[in-house]
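K.L.:
To start, I am sharing the structure in question, which I have written as structure tokens.
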Amino acid sequence: MVHVSNHPLLRHKLTVLRDTTTKHRQFREVVSEMAKLLCYEATADLEYEEVPVTTPMGQATGHRLLADIGLVPILRAGLGMVEGMLEMIPGCQVWHLGLYRDEKTLRPVSYYNKLPVEPTVNLCLILDPMLATGGSAIAAVDVLKKWGVTHIKYVGLIGAPEGIEALSTTHPDVPIYLAAIDERLNDIGFIVPGLGDAGDRQFGTG
Ligand code: PRP
């Protein structure tokens, strides 16, 4: 299932990211702001239980989230989405996954994986701004499933049709939350029109 938000704030902020004149400081801020809005979208179906709460005026029925959530940023670009997510759901654990794309084969290469022996969360949100060929997202889901997590969501900014198709075919149980679906991939695997290299633009290394 692919969820693309039509929220005007997301559309406005994504336009700032696409703009070549946006410098990395503002780029990082806007990625973080968009992560908060996408967090709202991606957590809309979380389960909760009713709990009693005492207010200054009396008793009320409150609600408590049941999920233990793990954020899984894919390095590097996914790092920029962590702070925004944590502001919305501060109790999350953060599991870093290092994956980069081989420039020639476009296949993901794993270089860092800091997961504990057994999962201590029951829902993982994979964070990565760009879903291009889908190779990195598929590899991340593979790692999390092998680790034992059964409930996984992917949260990104822009998806290419090719990457969405690949991820949803390989892992149909993983819902995808995005701010936009762009036209296509170019011959070097970049999303067009996209926003360029999300890692380089956040960290000023482009
Ligand atoms: C980018 C992006 C994704 C991946 C998407 O990372 O952040 O992780 O490519 O491509 P895919 O869907 O074809 O796998 P990159 O390899 O540029 O690493 P970086 O984040 O460290 O810059």
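Here, A, B, ... name the chains of the structure tokens in the order displayed, residue numbers run from 1 inside each chain, and ligands are numbered from 1 in the same displayed order.
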Skip Thr150 in chain A itself and residues of its chain fewer than 3 positions away, then list as a PDB file with N, CA and C atoms, in the first residue's frame all residues within 8 Å of it, counting only C-alpha atoms.

P.N.:
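The new file selection-v5.pdb reads:
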```pdb
ATOM      1  N   ASN A 122       8.355  -3.665  18.332  1.00  0.00           N
ATOM      2  CA  ASN A 122       7.427  -4.457  17.523  1.00  0.00           C
ATOM      3  C   ASN A 122       6.957  -3.735  16.264  1.00  0.00           C
ATOM      4  N   LEU A 123       7.456  -2.515  16.065  1.00  0.00           N
ATOM      5  CA  LEU A 123       7.190  -1.799  14.809  1.00  0.00           C
ATOM      6  C   LEU A 123       8.448  -1.035  14.433  1.00  0.00           C
ATOM      7  N   LYS A 145      13.486  -8.163   8.774  1.00  0.00           N
ATOM      8  CA  LYS A 145      12.688  -9.401   8.850  1.00  0.00           C
ATOM      9  C   LYS A 145      13.541 -10.562   9.368  1.00  0.00           C
TER      10      LYS A 145
END
```

K.L.:
Taking only residues of chain A that have an atom at most 8 Å from an atom of ligand 1, what is each one's shortest atom pair and its distance in Å to one decimal, using only C-alpha atoms and all ligand atoms, in chain and number order, as a tab-separated table?

P.N.:
```
residue	atom	partner	partner_atom_place_in_ligand_line	distance
A:Ile74	CA	ligand 1	8 (O)	5.9
A:Leu75	CA	ligand 1	20 (O)	5.3
A:Arg76	CA	ligand 1	20 (O)	3.8
A:Ala77	CA	ligand 1	20 (O)	3.9
A:Gly78	CA	ligand 1	7 (O)	6.4
A:Gly98	CA	ligand 1	21 (O)	7.9
A:Leu99	CA	ligand 1	8 (O)	6.5
A:Tyr100	CA	ligand 1	16 (O)	3.6
A:Arg101	CA	ligand 1	16 (O)	3.8
A:Asp102	CA	ligand 1	16 (O)	7.0
A:Glu103	CA	ligand 1	16 (O)	7.9
A:Leu106	CA	ligand 1	13 (O)	6.0
A:Arg107	CA	ligand 1	14 (O)	6.6
A:Pro108	CA	ligand 1	14 (O)	5.8
A:Asp128	CA	ligand 1	7 (O)	5.6
A:Pro129	CA	ligand 1	7 (O)	5.9
A:Met130	CA	ligand 1	2 (C)	4.9
A:Leu131	CA	ligand 1	12 (O)	4.2
A:Ala132	CA	ligand 1	12 (O)	3.5
A:Thr133	CA	ligand 1	13 (O)	3.5
A:Gly134	CA	ligand 1	12 (O)	3.5
A:Gly135	CA	ligand 1	14 (O)	3.9
A:Ser136	CA	ligand 1	14 (O)	3.6
A:Ala137	CA	ligand 1	12 (O)	6.2
A:Ile138	CA	ligand 1	14 (O)	8.0
A:Gly163	CA	ligand 1	12 (O)	5.9
A:Gly189	CA	ligand 1	13 (O)	6.3
A:Phe190	CA	ligand 1	10 (O)	7.7
A:Asp197	CA	ligand 1	17 (O)	6.1
A:Ala198	CA	ligand 1	7 (O)	5.9
A:Gly199	CA	ligand 1	22 (O)	3.9
A:Asp200	CA	ligand 1	22 (O)	5.9
```

K.L.:
Output N, CA and C atoms of each residue in that selection to a file, as a CSV table (one decimal), in the first residue's frame.

P.N.:
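Result written to out30.csv:
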```
chain,number,residue,atom,x,y,z
A,74,ILE,N,18.4,4.9,7.3
A,74,ILE,CA,19.4,4.3,6.4
A,74,ILE,C,20.4,5.4,6.2
A,75,LEU,N,21.7,5.2,6.6
A,75,LEU,CA,22.8,6.1,6.4
A,75,LEU,C,23.1,6.3,4.9
A,76,ARG,N,23.4,7.5,4.6
A,76,ARG,CA,23.5,8.7,5.5
A,76,ARG,C,22.2,9.5,5.5
A,77,ALA,N,21.5,9.5,4.3
A,77,ALA,CA,20.4,10.5,4.1
A,77,ALA,C,19.3,10.3,5.1
A,78,GLY,N,19.0,9.1,5.6
A,78,GLY,CA,18.0,8.9,6.5
A,78,GLY,C,18.2,9.5,7.9
A,98,GLY,N,23.7,1.1,7.8
A,98,GLY,CA,24.6,1.7,6.8
A,98,GLY,C,24.5,1.0,5.5
A,99,LEU,N,23.9,1.7,4.5
A,99,LEU,CA,23.8,1.1,3.2
A,99,LEU,C,24.2,2.2,2.2
A,100,TYR,N,25.1,1.9,1.2
A,100,TYR,CA,25.2,2.8,0.1
A,100,TYR,C,25.1,2.1,-1.2
A,101,ARG,N,24.8,2.9,-2.2
A,101,ARG,CA,24.6,2.3,-3.5
A,101,ARG,C,25.9,2.2,-4.3
A,102,ASP,N,26.2,1.1,-4.8
A,102,ASP,CA,27.4,1.0,-5.7
A,102,ASP,C,27.0,1.8,-7.0
A,103,GLU,N,27.9,2.7,-7.3
A,103,GLU,CA,27.6,3.7,-8.4
A,103,GLU,C,27.4,2.9,-9.8
A,106,LEU,N,24.4,-0.1,-9.0
A,106,LEU,CA,23.2,0.5,-8.3
A,106,LEU,C,22.7,-0.5,-7.2
A,107,ARG,N,23.5,-1.5,-6.9
A,107,ARG,CA,23.1,-2.4,-5.8
A,107,ARG,C,23.5,-1.9,-4.5
A,108,PRO,N,22.7,-2.1,-3.4
A,108,PRO,CA,23.1,-1.6,-2.1
A,108,PRO,C,24.2,-2.4,-1.5
A,128,ASP,N,14.3,6.9,5.0
A,128,ASP,CA,15.3,7.2,3.9
A,128,ASP,C,14.5,8.2,2.9
A,129,PRO,N,15.1,9.4,2.7
A,129,PRO,CA,14.3,10.3,1.9
A,129,PRO,C,14.0,9.8,0.5
A,130,MET,N,14.9,9.0,-0.1
A,130,MET,CA,14.8,8.7,-1.6
A,130,MET,C,14.6,7.2,-1.8
A,131,LEU,N,13.5,6.8,-2.5
A,131,LEU,CA,13.2,5.5,-2.9
A,131,LEU,C,13.5,5.4,-4.4
A,132,ALA,N,14.7,5.1,-4.8
A,132,ALA,CA,15.0,5.2,-6.2
A,132,ALA,C,14.8,3.8,-6.9
A,133,THR,N,15.8,3.0,-7.0
A,133,THR,CA,15.5,1.6,-7.5
A,133,THR,C,14.8,0.7,-6.5
A,134,GLY,N,14.9,1.1,-5.3
A,134,GLY,CA,14.2,0.3,-4.2
A,134,GLY,C,15.2,-0.7,-3.6
A,135,GLY,N,16.4,-0.8,-4.1
A,135,GLY,CA,17.4,-1.8,-3.7
A,135,GLY,C,17.7,-1.6,-2.2
A,136,SER,N,17.9,-0.3,-1.8
A,136,SER,CA,18.3,-0.1,-0.4
A,136,SER,C,17.2,-0.4,0.6
A,137,ALA,N,16.0,0.0,0.2
A,137,ALA,CA,14.8,-0.2,1.0
A,137,ALA,C,14.5,-1.7,1.2
A,138,ILE,N,14.7,-2.5,0.1
A,138,ILE,CA,14.4,-3.9,0.1
A,138,ILE,C,15.5,-4.6,1.0
A,163,GLY,N,11.1,2.2,-8.0
A,163,GLY,CA,11.4,1.7,-6.6
A,163,GLY,C,10.1,1.3,-5.8
A,189,GLY,N,20.4,6.2,-12.2
A,189,GLY,CA,19.6,5.8,-11.0
A,189,GLY,C,19.2,6.9,-10.1
A,190,PHE,N,19.2,8.2,-10.6
A,190,PHE,CA,18.7,9.3,-9.8
A,190,PHE,C,17.2,9.6,-10.2
A,197,ASP,N,21.0,14.6,-4.8
A,197,ASP,CA,21.5,13.5,-3.8
A,197,ASP,C,21.1,14.0,-2.4
A,198,ALA,N,20.2,13.4,-1.8
A,198,ALA,CA,19.7,13.8,-0.5
A,198,ALA,C,20.8,13.8,0.6
A,199,GLY,N,21.7,12.9,0.5
A,199,GLY,CA,22.8,12.9,1.5
A,199,GLY,C,23.7,14.1,1.3
A,200,ASP,N,24.2,14.3,0.1
A,200,ASP,CA,25.1,15.4,-0.2
A,200,ASP,C,24.4,16.7,0.1
```

K.L.:
Among chain A, which residues does DSSP mark as alpha helix (DSSP H) when it is run on the backbone? Keep the chain and numbering as in the structure and answer as number ranges by chain.

P.N.:
A: 8-18, 24-42, 82-88, 135-147, 161-170, 198-203

K.L.:
I'd like a table as a Markdown table: residues in range 147-183 of chain A with an atom no more than 9 Å from range 34-55 of chain A, each row giving the shortest atom pair and its distance in Å to one decimal, only C-alpha atoms counted, sorted by chain and rising residue number.

P.N.:
```
| residue | atom | partner | partner_atom | distance |
| --- | --- | --- | --- | --- |
| A:Lys153 | CA | A:Ala42 | CA | 7.8 |
| A:Tyr154 | CA | A:Ala42 | CA | 8.6 |
| A:Val155 | CA | A:Leu38 | CA | 7.2 |
| A:Gly156 | CA | A:Leu38 | CA | 8.1 |
| A:Leu157 | CA | A:Met34 | CA | 7.9 |
| A:Pro175 | CA | A:Ala42 | CA | 8.9 |
| A:Ile176 | CA | A:Ala42 | CA | 8.6 |
| A:Tyr177 | CA | A:Ala42 | CA | 6.3 |
| A:Leu178 | CA | A:Leu38 | CA | 7.4 |
| A:Ala179 | CA | A:Leu38 | CA | 7.6 |
```

K.L.:
Can you work out which one of A:Pro193, A:Val30, A:Gln93, A:Met1 has the shortest atom-to-atom distance to Lys13 in chain A, counting only C-alpha atoms?

P.N.:
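Answer, going by the shortest atom-to-atom distance: A:Val30.
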
K.L.:
Considering only C-alpha atoms, state which residue in the set A:Val141, A:Val72, A:Leu65, A:Leu14 is at the smallest distance from Leu125 in chain A.

P.N.:
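Once distances to Leu125 in chain A are computed over only C-alpha atoms, the minimum belongs to A:Val72.
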
K.L.:
Go through range 11-162 of chain A and collect every residue that DSSP, computed from the backbone, puts in strand (DSSP E or B); the answer should be as a ChimeraX atom specification.

P.N.:
/A:48-55,58-65,69-75,93-94,97-101,108-113,123-127,130-131,152-155,158-159

K.L.:
Which residues, written as a PDB file with N, CA, C and O atoms, in the first residue's frame, have at least one atom at most 7 Å from Ala160 in chain A, with only C-alpha atoms counted and residues fewer than 3 positions away on the same chain left out?

P.N.:
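Output (out_37.pdb):
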```pdb
ATOM      1  N   LEU A 131      13.500   6.845  -2.482  1.00  0.00           N
ATOM      2  CA  LEU A 131      13.225   5.467  -2.893  1.00  0.00           C
ATOM      3  C   LEU A 131      13.451   5.439  -4.403  1.00  0.00           C
ATOM      4  O   LEU A 131      12.558   5.776  -5.168  1.00  0.00           O
ATOM      5  N   ALA A 132      14.665   5.096  -4.808  1.00  0.00           N
ATOM      6  CA  ALA A 132      15.027   5.193  -6.234  1.00  0.00           C
ATOM      7  C   ALA A 132      14.782   3.847  -6.930  1.00  0.00           C
ATOM      8  O   ALA A 132      13.672   3.580  -7.384  1.00  0.00           O
ATOM      9  N   GLY A 163      11.063   2.157  -7.980  1.00  0.00           N
ATOM     10  CA  GLY A 163      11.387   1.738  -6.608  1.00  0.00           C
ATOM     11  C   GLY A 163      10.149   1.323  -5.833  1.00  0.00           C
ATOM     12  O   GLY A 163      10.179   0.371  -5.046  1.00  0.00           O
ATOM     13  N   ILE A 164       9.060   2.042  -6.060  1.00  0.00           N
ATOM     14  CA  ILE A 164       7.804   1.704  -5.381  1.00  0.00           C
ATOM     15  C   ILE A 164       7.345   0.318  -5.820  1.00  0.00           C
ATOM     16  O   ILE A 164       6.968  -0.529  -5.007  1.00  0.00           O
ATOM     17  N   ILE A 181       5.412  11.127  -5.571  1.00  0.00           N
ATOM     18  CA  ILE A 181       5.920  10.132  -6.524  1.00  0.00           C
ATOM     19  C   ILE A 181       6.361  10.907  -7.758  1.00  0.00           C
ATOM     20  O   ILE A 181       5.563  11.659  -8.339  1.00  0.00           O
ATOM     21  N   ASP A 182       7.621  10.769  -8.127  1.00  0.00           N
ATOM     22  CA  ASP A 182       8.141  11.504  -9.271  1.00  0.00           C
ATOM     23  C   ASP A 182       8.035  10.683 -10.555  1.00  0.00           C
ATOM     24  O   ASP A 182       7.524   9.567 -10.546  1.00  0.00           O
ATOM     25  N   GLU A 183       8.565  11.266 -11.650  1.00  0.00           N
ATOM     26  CA  GLU A 183       8.340  10.666 -12.976  1.00  0.00           C
ATOM     27  C   GLU A 183       9.071   9.354 -13.197  1.00  0.00           C
ATOM     28  O   GLU A 183       8.500   8.367 -13.628  1.00  0.00           O
ATOM     29  N   ARG A 184      10.393   9.347 -12.913  1.00  0.00           N
ATOM     30  CA  ARG A 184      11.195   8.191 -13.341  1.00  0.00           C
ATOM     31  C   ARG A 184      12.600   8.262 -12.770  1.00  0.00           C
ATOM     32  O   ARG A 184      12.958   9.244 -12.121  1.00  0.00           O
ATOM     33  N   LEU A 185      13.370   7.226 -13.067  1.00  0.00           N
ATOM     34  CA  LEU A 185      14.804   7.233 -12.773  1.00  0.00           C
ATOM     35  C   LEU A 185      15.551   7.601 -14.046  1.00  0.00           C
ATOM     36  O   LEU A 185      15.138   7.209 -15.143  1.00  0.00           O
ATOM     37  N   ILE A 191      16.444   9.988  -9.152  1.00  0.00           N
ATOM     38  CA  ILE A 191      15.032  10.284  -9.377  1.00  0.00           C
ATOM     39  C   ILE A 191      14.907  11.612 -10.121  1.00  0.00           C
ATOM     40  O   ILE A 191      15.549  12.603  -9.760  1.00  0.00           O
TER      41      ILE A 191
END
```

K.L.:
Write out as a Markdown table the residues of range 134-189 of chain A that have any atom within 10 Å of an atom of range 112-117 of chain A, one row each with the nearest atom pair and its distance in Å to one decimal, counting only C-alpha atoms, sorted by chain and then rising number.

P.N.:
```
| residue | atom | partner | partner_atom | distance |
| --- | --- | --- | --- | --- |
| A:Ala140 | CA | A:Asn113 | CA | 9.9 |
| A:Val143 | CA | A:Asn113 | CA | 9.0 |
| A:Leu144 | CA | A:Leu115 | CA | 9.0 |
| A:Trp147 | CA | A:Val117 | CA | 7.8 |
| A:Gly148 | CA | A:Val117 | CA | 9.9 |
```

K.L.:
Extract, using only C-alpha atoms, all DNA, RNA and protein residues at most 8 Å from Val121 in chain A, discarding same-chain residues fewer than 6 positions from it, and format them as a ChimeraX atom specification.

P.N.:
/A:67-70,93,149

K.L.:
Which residue gives the smallest distance to Gly159 in chain A among A:His12, A:Arg28, A:Lys23, A:His3, with only C-alpha atoms counted?

P.N.:
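Ranked by minimum distance to Gly159 in chain A, first place goes to A:His3.
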
K.L.:
How far is it from CA of Gly194 in chain A to CA of Cys92 in chain A, in Å with one decimal?

P.N.:
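Straight-line distance from CA of Gly194 in chain A to CA of Cys92 in chain A works out to 29.3 Å.
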
K.L.:
Take CA of Arg201 in chain A and CA of Ile152 in chain A and report the distance between them in Å, one decimal.

P.N.:
27.2 Å

K.L.:
Please list as a PyMOL selection string every residue within 7 Å of Leu17 in chain A, counting only C-alpha atoms and excluding residues in the same chain fewer than 4 positions away.

P.N.:
chain A and resi 13+22+27+195

K.L.:
So that I have them on file, write out the residues from the current selection with N, CA and C atoms, as a compact mmCIF listing (two decimals), in the first residue's frame.

P.N.:
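The resulting selection_17.txt:
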```txt
# COMPACT_ATOMS: atom_id res chain seq x y z
N LYS A 13 7.07 22.41 1.42
CA LYS A 13 8.41 22.12 1.91
C LYS A 13 9.21 21.29 0.90
N THR A 22 18.53 26.12 -2.61
CA THR A 22 18.42 25.85 -1.17
C THR A 22 19.75 25.28 -0.66
N PHE A 27 18.16 23.03 3.98
CA PHE A 27 17.75 21.72 3.47
C PHE A 27 17.54 20.75 4.64
N LEU A 195 15.33 15.73 -6.24
CA LEU A 195 15.96 16.86 -5.53
C LEU A 195 17.48 16.72 -5.52
```
